[in-house]
file input-v3.cif (mmCIF, C-alpha atoms)
data_coords
#
loop_
_atom_site.label_atom_id
_atom_site.label_comp_id
_atom_site.auth_asym_id
_atom_site.auth_seq_id
_atom_site.Cartn_x
_atom_site.Cartn_y
_atom_site.Cartn_z
CA MET A 31 7.15 -62.60 -48.14
CA ALA A 32 3.69 -64.11 -48.48
CA THR A 33 5.09 -67.66 -47.84
CA PRO A 34 3.97 -69.03 -44.45
CA ASN A 35 6.89 -69.44 -42.10
CA PRO A 36 7.42 -73.21 -41.70
CA ASP A 37 9.20 -72.78 -38.36
CA ARG A 38 6.27 -70.92 -36.93
CA ARG A 39 3.85 -73.50 -38.32
CA SER A 40 5.89 -76.29 -36.71
CA GLU A 41 5.94 -74.44 -33.44
CA ARG A 42 2.16 -74.06 -33.50
CA ALA A 43 1.72 -77.77 -34.29
CA ARG A 44 4.09 -78.80 -31.47
CA HIS A 45 2.22 -76.61 -29.03
CA ALA A 46 -1.17 -78.02 -30.15
CA ILE A 47 0.11 -81.60 -29.70
CA LEU A 48 1.46 -80.93 -26.20
CA GLU A 49 -1.81 -79.28 -25.11
CA ALA A 50 -3.91 -82.05 -26.67
CA ALA A 51 -1.93 -84.71 -24.75
CA LEU A 52 -2.43 -82.85 -21.45
CA GLU A 53 -6.15 -82.40 -22.06
CA LEU A 54 -6.76 -85.99 -23.11
CA CYS A 55 -4.87 -87.32 -20.13
CA GLN A 56 -7.16 -85.33 -17.88
CA GLU A 57 -10.22 -86.85 -19.60
CA HIS A 58 -9.01 -90.45 -19.90
CA THR A 59 -6.66 -92.92 -18.28
CA TYR A 60 -3.12 -93.23 -19.63
CA GLY A 61 -4.27 -96.49 -21.23
CA GLY A 62 -7.01 -94.57 -23.04
CA LEU A 63 -4.55 -92.01 -24.44
CA THR A 64 -3.53 -92.82 -28.04
CA MET A 65 -1.37 -91.20 -30.70
CA GLU A 66 -4.49 -91.19 -32.93
CA GLY A 67 -6.49 -89.34 -30.29
CA ILE A 68 -3.75 -86.76 -29.74
CA ALA A 69 -3.39 -86.21 -33.52
CA LYS A 70 -7.14 -85.74 -33.91
CA ARG A 71 -7.44 -83.27 -31.02
CA ALA A 72 -4.38 -81.31 -32.19
CA GLY A 73 -5.58 -81.27 -35.81
CA VAL A 74 -2.37 -82.80 -37.19
CA GLY A 75 -1.45 -86.09 -38.86
CA LYS A 76 -0.13 -88.98 -36.76
CA GLN A 77 3.10 -88.91 -38.79
CA THR A 78 3.73 -85.34 -37.66
CA ILE A 79 3.68 -86.52 -34.06
CA TYR A 80 6.00 -89.46 -34.71
CA ARG A 81 8.45 -87.11 -36.42
CA TRP A 82 9.02 -85.39 -33.06
CA TRP A 83 8.18 -87.91 -30.34
CA PRO A 84 8.61 -91.69 -30.17
CA SER A 85 5.78 -92.33 -27.69
CA LYS A 86 2.88 -90.80 -25.79
CA ALA A 87 5.03 -90.88 -22.62
CA ALA A 88 7.63 -88.69 -24.34
CA ILE A 89 4.92 -86.16 -25.30
CA LEU A 90 3.57 -86.01 -21.73
CA LEU A 91 7.06 -85.60 -20.29
CA GLU A 92 7.78 -82.62 -22.51
CA ALA A 93 4.34 -81.09 -21.91
CA LEU A 94 4.78 -81.40 -18.13
CA GLN A 95 8.28 -79.96 -18.21
CA GLY A 96 6.91 -76.90 -20.00
CA ARG A 97 4.10 -76.55 -17.46
CA SER A 98 6.18 -77.04 -14.33
CA SER A 99 9.32 -75.07 -15.11
CA ASN A 100 8.44 -72.69 -12.23
CA THR A 101 9.07 -75.53 -9.73
CA LEU A 102 12.70 -75.52 -10.92
CA ASN A 103 13.08 -72.08 -9.41
CA PHE A 104 14.68 -72.81 -6.02
CA PRO A 105 15.22 -69.55 -4.14
CA ASP A 106 18.18 -68.89 -1.82
CA THR A 107 17.43 -65.77 0.20
CA GLY A 108 19.32 -67.00 3.26
CA ASP A 109 16.02 -67.81 5.06
CA LEU A 110 15.77 -71.61 4.80
CA ARG A 111 12.17 -71.96 5.93
CA ALA A 112 10.93 -69.17 3.66
CA ASP A 113 12.80 -70.63 0.67
CA LEU A 114 11.46 -74.14 1.22
CA ARG A 115 7.97 -72.76 1.76
CA SER A 116 8.09 -70.79 -1.45
CA GLN A 117 9.31 -73.75 -3.56
CA MET A 118 6.94 -76.28 -1.94
CA THR A 119 4.01 -73.92 -2.48
CA GLN A 120 4.82 -73.93 -6.21
CA VAL A 121 4.75 -77.74 -6.12
CA VAL A 122 1.34 -77.67 -4.39
CA ALA A 123 0.07 -75.29 -7.10
CA ALA A 124 1.32 -77.68 -9.81
CA PHE A 125 -0.20 -80.74 -8.05
CA THR A 126 -3.58 -79.01 -7.79
CA ASP A 127 -3.61 -77.75 -11.42
CA PRO A 128 -6.06 -80.01 -13.34
CA MET A 129 -3.62 -80.19 -16.26
CA PHE A 130 -1.21 -81.85 -13.90
CA ALA A 131 -3.45 -84.93 -13.93
CA ALA A 132 -1.17 -85.95 -16.81
CA TYR A 133 1.53 -86.49 -14.18
CA SER A 134 -0.40 -88.67 -11.69
CA LYS A 135 -3.02 -90.25 -14.01
CA GLY A 136 -0.57 -90.46 -16.87
CA LEU A 137 3.09 -90.90 -16.19
CA ILE A 138 3.20 -92.06 -12.57
CA ALA A 139 0.37 -94.56 -13.07
CA ALA A 140 2.08 -95.94 -16.19
CA ALA A 141 5.46 -95.99 -14.44
CA GLN A 142 4.17 -98.70 -12.08
CA SER A 143 4.32 -101.26 -14.87
CA ASP A 144 6.80 -99.66 -17.31
CA PRO A 145 10.38 -99.28 -16.03
CA ASP A 146 11.31 -97.02 -18.99
CA ILE A 147 8.63 -94.53 -18.05
CA ALA A 148 9.60 -94.79 -14.36
CA ASN A 149 13.19 -94.04 -15.31
CA ALA A 150 12.22 -91.11 -17.53
CA VAL A 151 10.08 -89.59 -14.75
CA VAL A 152 12.95 -89.82 -12.26
CA THR A 153 15.55 -88.49 -14.72
CA SER A 154 13.64 -85.61 -16.26
CA ILE A 155 11.19 -84.54 -13.56
CA ILE A 156 12.21 -85.67 -10.08
CA LYS A 157 16.02 -85.71 -10.05
CA PRO A 158 16.60 -82.15 -11.32
CA ARG A 159 14.31 -80.86 -8.52
CA VAL A 160 15.84 -83.07 -5.83
CA ASP A 161 19.33 -81.89 -6.86
CA LEU A 162 18.32 -78.22 -6.54
CA CYS A 163 16.78 -78.89 -3.13
CA ILE A 164 19.93 -80.68 -1.99
CA ASP A 165 22.01 -77.69 -3.11
CA ARG A 166 19.84 -75.40 -0.99
CA LEU A 167 19.99 -77.75 2.02
CA THR A 168 23.77 -78.09 1.64
CA SER A 169 24.13 -74.33 1.84
CA ALA A 170 21.82 -74.31 4.90
CA GLN A 171 23.96 -77.02 6.50
CA LYS A 172 27.08 -74.87 5.90
CA ASP A 173 25.26 -71.89 7.45
CA GLY A 174 24.54 -74.01 10.53
CA ASP A 175 20.76 -74.09 9.95
CA ILE A 176 20.71 -77.89 9.58
CA ARG A 177 22.56 -80.32 11.84
CA ASP A 178 25.72 -81.82 10.33
CA ASP A 179 24.54 -85.40 10.84
CA VAL A 180 21.31 -84.97 8.83
CA ASP A 181 21.18 -87.08 5.66
CA LEU A 182 20.07 -84.47 3.12
CA PRO A 183 18.48 -86.83 0.53
CA ALA A 184 16.39 -88.27 3.40
CA MET A 185 15.40 -84.75 4.42
CA VAL A 186 14.25 -84.05 0.84
CA GLU A 187 12.05 -87.15 1.02
CA LEU A 188 10.58 -85.99 4.34
CA LEU A 189 9.70 -82.62 2.81
CA TYR A 190 8.18 -83.75 -0.49
CA ALA A 191 6.94 -87.31 0.16
CA PRO A 192 3.88 -86.13 2.17
CA LEU A 193 2.77 -84.07 -0.87
CA TYR A 194 3.12 -87.10 -3.17
CA TYR A 195 1.39 -89.29 -0.55
CA ARG A 196 -1.78 -87.22 -0.74
CA LEU A 197 -1.51 -86.75 -4.53
CA LEU A 198 -1.21 -90.48 -5.25
CA LEU A 199 -3.11 -92.09 -2.39
CA HIS A 200 -6.00 -89.60 -2.42
CA THR A 201 -6.31 -89.60 1.37
CA ARG A 202 -6.69 -85.81 1.71
CA PRO A 203 -6.25 -82.92 -0.74
CA VAL A 204 -2.70 -81.64 -1.24
CA SER A 205 -2.74 -78.16 0.33
CA GLU A 206 -0.70 -75.13 1.27
CA ASP A 207 -1.57 -75.71 4.98
CA GLN A 208 0.14 -79.05 4.66
CA VAL A 209 3.38 -77.30 3.68
CA ASP A 210 3.48 -75.38 6.97
CA THR A 211 2.92 -78.51 9.05
CA ILE A 212 5.60 -80.42 7.14
CA LEU A 213 8.03 -77.53 7.64
CA ASP A 214 7.28 -77.24 11.36
CA LEU A 215 8.02 -80.90 12.01
CA THR A 216 10.90 -81.34 9.55
CA ILE A 217 12.78 -78.23 10.59
CA ALA A 218 12.31 -79.18 14.25
CA GLY A 219 13.78 -82.60 13.40
CA CYS A 220 16.66 -81.49 11.18
CA GLY A 221 17.41 -78.00 12.40
CA ALA A 222 20.60 -77.21 14.32
CA MET B 164 -19.81 -139.39 3.34
CA ALA B 165 -18.24 -139.73 -0.11
CA THR B 166 -19.90 -136.48 -1.26
CA PRO B 167 -17.28 -133.73 -1.79
CA ASN B 168 -17.70 -130.93 0.72
CA PRO B 169 -19.03 -127.93 -1.26
CA ASP B 170 -17.76 -125.43 1.34
CA ARG B 171 -14.25 -126.76 1.04
CA ARG B 172 -14.48 -126.72 -2.75
CA SER B 173 -15.63 -123.09 -2.67
CA GLU B 174 -12.82 -122.18 -0.34
CA ARG B 175 -10.27 -123.77 -2.69
CA ALA B 176 -11.75 -121.93 -5.68
CA ARG B 177 -11.73 -118.61 -3.82
CA HIS B 178 -8.11 -119.11 -2.83
CA ALA B 179 -7.13 -120.03 -6.42
CA ILE B 180 -8.86 -116.89 -7.74
CA LEU B 181 -7.14 -114.58 -5.24
CA GLU B 182 -3.70 -116.08 -6.01
CA ALA B 183 -4.33 -115.94 -9.77
CA ALA B 184 -5.20 -112.23 -9.54
CA LEU B 185 -2.02 -111.47 -7.57
CA GLU B 186 0.16 -113.45 -9.99
CA LEU B 187 -1.34 -111.91 -13.12
CA CYS B 188 -1.00 -108.41 -11.73
CA GLN B 189 2.69 -109.06 -11.23
CA GLU B 190 3.01 -110.19 -14.87
CA HIS B 191 0.82 -107.55 -16.52
CA THR B 192 -0.42 -104.03 -16.03
CA TYR B 193 -3.76 -103.52 -14.27
CA GLY B 194 -5.19 -102.74 -17.71
CA GLY B 195 -3.99 -106.14 -18.92
CA LEU B 196 -5.69 -107.97 -16.02
CA THR B 197 -9.06 -109.45 -17.06
CA MET B 198 -11.74 -111.57 -15.40
CA GLU B 199 -11.22 -114.09 -18.25
CA GLY B 200 -7.49 -114.27 -17.51
CA ILE B 201 -8.07 -114.73 -13.77
CA ALA B 202 -10.69 -117.46 -14.42
CA LYS B 203 -8.34 -119.30 -16.78
CA ARG B 204 -5.36 -119.17 -14.41
CA ALA B 205 -7.50 -120.23 -11.43
CA GLY B 206 -9.17 -123.03 -13.41
CA VAL B 207 -12.71 -121.81 -12.69
CA GLY B 208 -15.54 -120.38 -14.79
CA LYS B 209 -15.92 -116.60 -15.10
CA GLN B 210 -19.40 -116.89 -13.55
CA THR B 211 -17.85 -118.37 -10.39
CA ILE B 212 -15.76 -115.21 -10.02
CA TYR B 213 -18.71 -112.86 -10.59
CA ARG B 214 -20.69 -114.76 -7.94
CA TRP B 215 -18.21 -113.51 -5.32
CA TRP B 216 -16.65 -110.30 -6.65
CA PRO B 217 -18.09 -107.48 -8.79
CA SER B 218 -14.76 -106.38 -10.31
CA LYS B 219 -11.06 -107.15 -10.62
CA ALA B 220 -10.33 -104.32 -8.19
CA ALA B 221 -12.48 -106.05 -5.55
CA ILE B 222 -10.52 -109.29 -6.04
CA LEU B 223 -7.17 -107.51 -5.67
CA LEU B 224 -8.33 -105.67 -2.57
CA GLU B 225 -9.34 -108.91 -0.86
CA ALA B 226 -6.16 -110.68 -1.99
CA LEU B 227 -3.98 -107.87 -0.64
CA GLN B 228 -5.85 -107.70 2.64
CA GLY B 229 -5.13 -111.40 3.15
CA ARG B 230 -1.46 -110.92 2.32
CA SER B 231 -0.85 -107.84 4.43
CA SER B 232 -2.77 -108.61 7.59
CA ASN B 233 0.56 -108.64 9.51
CA THR B 234 0.88 -104.87 8.91
CA LEU B 235 -2.29 -104.44 10.99
CA ASN B 236 -0.39 -105.62 14.01
CA PHE B 237 0.62 -102.38 15.74
CA PRO B 238 2.64 -103.17 18.86
CA ASP B 239 2.48 -101.10 22.06
CA THR B 240 5.38 -102.15 24.29
CA GLY B 241 5.80 -98.66 25.77
CA ASP B 242 8.91 -98.04 23.61
CA LEU B 243 7.62 -95.75 20.83
CA ARG B 244 10.63 -95.95 18.54
CA ALA B 245 10.84 -99.74 18.79
CA ASP B 246 7.10 -100.09 18.12
CA LEU B 247 7.17 -97.79 15.07
CA ARG B 248 10.29 -99.55 13.79
CA SER B 249 8.69 -102.94 14.10
CA GLN B 250 5.48 -101.93 12.30
CA MET B 251 7.28 -99.96 9.57
CA THR B 252 9.63 -102.89 8.95
CA GLN B 253 6.57 -105.05 8.26
CA VAL B 254 5.40 -102.45 5.74
CA VAL B 255 8.84 -102.49 4.05
CA ALA B 256 8.63 -106.31 3.87
CA ALA B 257 5.18 -106.06 2.25
CA PHE B 258 6.33 -103.35 -0.22
CA THR B 259 9.31 -105.47 -1.29
CA ASP B 260 7.29 -108.71 -1.69
CA PRO B 261 6.85 -109.28 -5.46
CA MET B 262 3.20 -110.27 -4.88
CA PHE B 263 2.66 -106.78 -3.58
CA ALA B 264 3.08 -105.47 -7.13
CA ALA B 265 -0.71 -105.91 -7.22
CA TYR B 266 -0.87 -102.91 -4.87
CA SER B 267 1.35 -100.44 -6.78
CA LYS B 268 0.99 -101.77 -10.36
CA GLY B 269 -2.62 -102.69 -9.81
CA LEU B 270 -4.71 -100.73 -7.38
CA ILE B 271 -2.72 -97.53 -6.84
CA ALA B 272 -2.04 -97.11 -10.58
CA ALA B 273 -5.73 -97.67 -11.35
CA ALA B 274 -6.78 -95.34 -8.52
CA GLN B 275 -5.23 -92.40 -10.39
CA SER B 276 -8.08 -92.44 -12.90
CA ASP B 277 -10.81 -94.31 -10.98
CA PRO B 278 -12.17 -92.54 -7.88
CA ASP B 279 -14.04 -95.69 -6.75
CA ILE B 280 -10.80 -97.65 -6.62
CA ALA B 281 -9.04 -94.73 -4.91
CA ASN B 282 -11.77 -94.65 -2.31
CA ALA B 283 -11.66 -98.43 -1.76
CA VAL B 284 -7.87 -98.34 -1.29
CA VAL B 285 -8.15 -95.58 1.31
CA THR B 286 -11.07 -97.22 3.14
CA SER B 287 -9.90 -100.81 3.22
CA ILE B 288 -6.10 -100.58 3.16
CA ILE B 289 -4.80 -97.20 4.26
CA LYS B 290 -7.29 -95.87 6.82
CA PRO B 291 -7.34 -98.91 9.14
CA ARG B 292 -3.52 -98.73 9.38
CA VAL B 293 -3.43 -94.95 9.83
CA ASP B 294 -6.01 -95.26 12.64
CA LEU B 295 -3.92 -97.86 14.47
CA CYS B 296 -0.83 -95.68 14.13
CA ILE B 297 -2.72 -92.66 15.46
CA ASP B 298 -3.86 -94.74 18.47
CA ARG B 299 -0.23 -95.61 19.20
CA LEU B 300 0.93 -92.00 18.76
CA THR B 301 -1.92 -90.75 20.96
CA SER B 302 -0.78 -93.03 23.74
CA ALA B 303 2.83 -91.82 23.21
CA GLN B 304 1.60 -88.22 23.41
CA LYS B 305 -0.12 -89.02 26.73
CA ASP B 306 3.10 -90.63 27.97
CA GLY B 307 4.95 -87.40 27.11
CA ASP B 308 7.01 -89.00 24.32
CA ILE B 309 5.53 -86.69 21.66
CA ARG B 310 5.02 -82.93 22.05
CA ASP B 311 1.44 -81.85 22.70
CA ASP B 312 1.36 -79.50 19.72
CA VAL B 313 2.26 -82.20 17.17
CA ASP B 314 -0.50 -82.90 14.63
CA LEU B 315 -0.62 -86.70 14.75
CA PRO B 316 -2.12 -87.33 11.27
CA ALA B 317 0.71 -85.18 9.86
CA MET B 318 3.23 -87.23 11.84
CA VAL B 319 1.79 -90.43 10.33
CA GLU B 320 2.34 -88.96 6.85
CA LEU B 321 5.92 -88.04 7.74
CA LEU B 322 6.59 -91.63 8.85
CA TYR B 323 4.96 -93.52 5.98
CA ALA B 324 5.03 -91.12 3.02
CA PRO B 325 8.79 -91.62 2.38
CA LEU B 326 8.15 -95.38 1.98
CA TYR B 327 5.36 -94.72 -0.53
CA TYR B 328 7.52 -92.11 -2.28
CA ARG B 329 10.17 -94.69 -3.12
CA LEU B 330 7.58 -97.40 -3.89
CA LEU B 331 5.65 -95.25 -6.38
CA LEU B 332 8.31 -92.92 -7.78
CA HIS B 333 11.02 -95.60 -8.09
CA THR B 334 13.77 -93.21 -7.06
CA ARG B 335 15.52 -95.67 -4.71
CA PRO B 336 14.53 -99.09 -3.34
CA VAL B 337 12.29 -99.09 -0.26
CA SER B 338 14.56 -100.42 2.51
CA GLU B 339 14.86 -101.17 6.20
CA ASP B 340 17.74 -98.65 6.47
CA GLN B 341 15.30 -96.01 5.32
CA VAL B 342 13.09 -96.77 8.34
CA ASP B 343 15.91 -95.86 10.77
CA THR B 344 16.64 -92.58 9.01
CA ILE B 345 12.95 -91.65 8.95
CA LEU B 346 12.65 -92.45 12.65
CA ASP B 347 15.77 -90.44 13.57
CA LEU B 348 14.50 -87.30 11.87
CA THR B 349 10.79 -87.66 12.73
CA ILE B 350 11.30 -88.45 16.40
CA ALA B 351 13.78 -85.56 16.65
CA GLY B 352 11.09 -83.32 15.12
CA CYS B 353 8.08 -84.57 17.08
CA GLY B 354 9.57 -85.89 20.29
CA ALA B 355 9.03 -84.08 23.57
#
call {"tool": "encode", "arguments": {"input": "input-v3.cif", "output": "structure tokens"}}
result
Amino acid sequence: MATPNPDRRSERARHAILEAALELCQEHTYGGLTMEGIAKRAGVGKQTIYRWWPSKAAILLEALQGRSSNTLNFPDTGDLRADLRSQMTQVVAAFTDPMFAAYSKGLIAAAQSDPDIANAVVTSIIKPRVDLCIDRLTSAQKDGDIRDDVDLPAMVELLYAPLYYRLLLHTRPVSEDQVDTILDLTIAGCGA
Amino acid sequence: MATPNPDRRSERARHAILEAALELCQEHTYGGLTMEGIAKRAGVGKQTIYRWWPSKAAILLEALQGRSSNTLNFPDTGDLRADLRSQMTQVVAAFTDPMFAAYSKGLIAAAQSDPDIANAVVTSIIKPRVDLCIDRLTSAQKDGDIRDDVDLPAMVELLYAPLYYRLLLHTRPVSEDQVDTILDLTIAGCGA
């Protein structure tokens, strides 16, 4: 009964590693992020990290999935605009969370010259969210809220691309106001 | 009369440096691009490079401006859709030119953790093009082709952000077909 629970110890170590990776990515470039640095910040040995993750990209992916699970919550109340607004506002909150620097400074920057990372970002972060949005738009199209000839994957790009544009090009801050403007123009363009 | 022309020699060296930077950025990450590497590929001394440019980012910016000057040509024939299509098609051609990897793999990736580079990209590449597009949209708004209540900077984002989304997130290839779909939905949403 006095023996420490090894599962709980592992869980604490995993959590410390994920948080350390997020923090270090905020402080450095992806290039400056190392397994050594993560191990040191998390207070674990490098071998402990390699037992669970093959690469720093894999750690960041898991850390971001934990942090952004709320953006996988796509509501369907029957009010298309309200549902899109509510999901897109969660995305804005994630994009403006400093910990989310691990996404833009870390994974997306690295994805530009590493096709494996690009593929992992699409598969584990972007595609699941795009699929949920397409489900919601498909139901709106059936309800007659979106014209039948609208290409739904293109509509998803129109809704979310302007948020990524500001996040990655740093032209203006990503903002909740932006969501309303995007919705005004996109729903006017795609609505029935 | 037999003396080599120093201006012409400088011009050749400058050109060789700009091309070397573009080529190396295609082959490596931005992190892997060095002044030494550029000097070696261009066949010049490192001091020659530092005489003209303070950093590798400055070299890439100038090289890209030379390569993408055609996207600064914003037509105004009176036909809004045709004019947007023609300019956006030039952007697609630039985004799909392998030399343009210096933009996504180089500058935009580096901009995620270097605010000076982010600022230089906005000031020298993005803003001049956005301004020309806003001029064209302003004239379309005066002609009654765009509703008076449409926020023109937001319309610019709706037009170009989906191209950047595919370029930087690697979800699908940037394509000319995409331009037509974007125009269909955006003009339906913003048109008078």
call {"tool": "resolve_selection", "arguments": {"input": "input-v3.cif", "expression": "the PyMOL selection byres ((chain A) within 7 of (chain B))", "output": "number ranges by chain"}}
result
A: 59, 134-135, 139, 142-143, 148, 152, 187-188, 191-192, 194-195, 198-201, 215-216, 218-220
call {"tool": "resolve_selection", "arguments": {"input": "input-v3.cif", "expression": "the PyMOL selection byres ((chain A and resi 44-49) around 7)", "output": "list in words"}}
result
Ser40, Glu41, Arg42, Ala43, Ala50, Ala51, Leu52, Glu53, Ile68, Ala69, Ala72, Ile89 and Ala93 of chain A
call {"tool": "resolve_selection", "arguments": {"input": "input-v3.cif", "expression": "the PyMOL selection byres ((chain A and resi 222) around 8)", "output": "number ranges by chain"}}
result
A: 174-178, 220-221
call {"tool": "closest_residue", "arguments": {"input": "input-v3.cif", "among": "A:Leu182, A:Ala123, A:Leu162, A:Ala88", "to": "Asp146 in chain A", "atoms": "only C-alpha atoms"}}
result
A:Ala88
call {"tool": "closest_residue", "arguments": {"input": "input-v3.cif", "among": "A:Asp127, A:Asp161, A:Asp179, A:Glu66", "to": "Asn103 in chain A", "atoms": "only C-alpha atoms"}}
result
A:Asp161
call {"tool": "atom_distance", "arguments": {"input": "input-v3.cif", "atom1": "CA of Phe130 in chain A", "atom2": "CA of Phe104 in chain A"}}
result
19.9 Å
call {"tool": "atom_distance", "arguments": {"input": "input-v3.cif", "atom1": "CA of Cys296 in chain B", "atom2": "CA of Gln228 in chain B"}}
result
17.4 Å
call {"tool": "residues_around", "arguments": {"input": "input-v3.cif", "residues": "Ala124 in chain A", "least_positions_apart": "3", "cutoff": "10 Å", "atoms": "only C-alpha atoms", "output": "PDB file with C-alpha atoms, keeping the file's coordinate frame"}}
result
ATOM      1  CA  LEU A  94       4.780 -81.400 -18.130  1.00  0.00           C
ATOM      2  CA  ARG A  97       4.100 -76.550 -17.460  1.00  0.00           C
ATOM      3  CA  SER A  98       6.180 -77.040 -14.330  1.00  0.00           C
ATOM      4  CA  SER A  99       9.320 -75.070 -15.110  1.00  0.00           C
ATOM      5  CA  ASN A 100       8.440 -72.690 -12.230  1.00  0.00           C
ATOM      6  CA  THR A 101       9.070 -75.530  -9.730  1.00  0.00           C
ATOM      7  CA  MET A 118       6.940 -76.280  -1.940  1.00  0.00           C
ATOM      8  CA  THR A 119       4.010 -73.920  -2.480  1.00  0.00           C
ATOM      9  CA  GLN A 120       4.820 -73.930  -6.210  1.00  0.00           C
ATOM     10  CA  VAL A 121       4.750 -77.740  -6.120  1.00  0.00           C
ATOM     11  CA  ASP A 127      -3.610 -77.750 -11.420  1.00  0.00           C
ATOM     12  CA  PRO A 128      -6.060 -80.010 -13.340  1.00  0.00           C
ATOM     13  CA  MET A 129      -3.620 -80.190 -16.260  1.00  0.00           C
ATOM     14  CA  PHE A 130      -1.210 -81.850 -13.900  1.00  0.00           C
ATOM     15  CA  ALA A 131      -3.450 -84.930 -13.930  1.00  0.00           C
ATOM     16  CA  TYR A 133       1.530 -86.490 -14.180  1.00  0.00           C
TER      17      TYR A 133
END
call {"tool": "residues_around", "arguments": {"input": "input-v3.cif", "residues": "Pro238 in chain B", "least_positions_apart": "2", "cutoff": "9 Å", "atoms": "only C-alpha atoms", "output": "PyMOL selection string"}}
result
chain B and resi 236+240-241+245-247+249-250+299
call {"tool": "closest_residue", "arguments": {"input": "input-v3.cif", "among": "B:Thr197, B:Ser338, B:Thr259, B:Ser302", "to": "Leu223 in chain B", "atoms": "only C-alpha atoms"}}
result
B:Thr197
call {"tool": "atom_distance", "arguments": {"input": "input-v3.cif", "atom1": "CA of Lys305 in chain B", "atom2": "CA of Leu235 in chain B"}}
result
22.1 Å
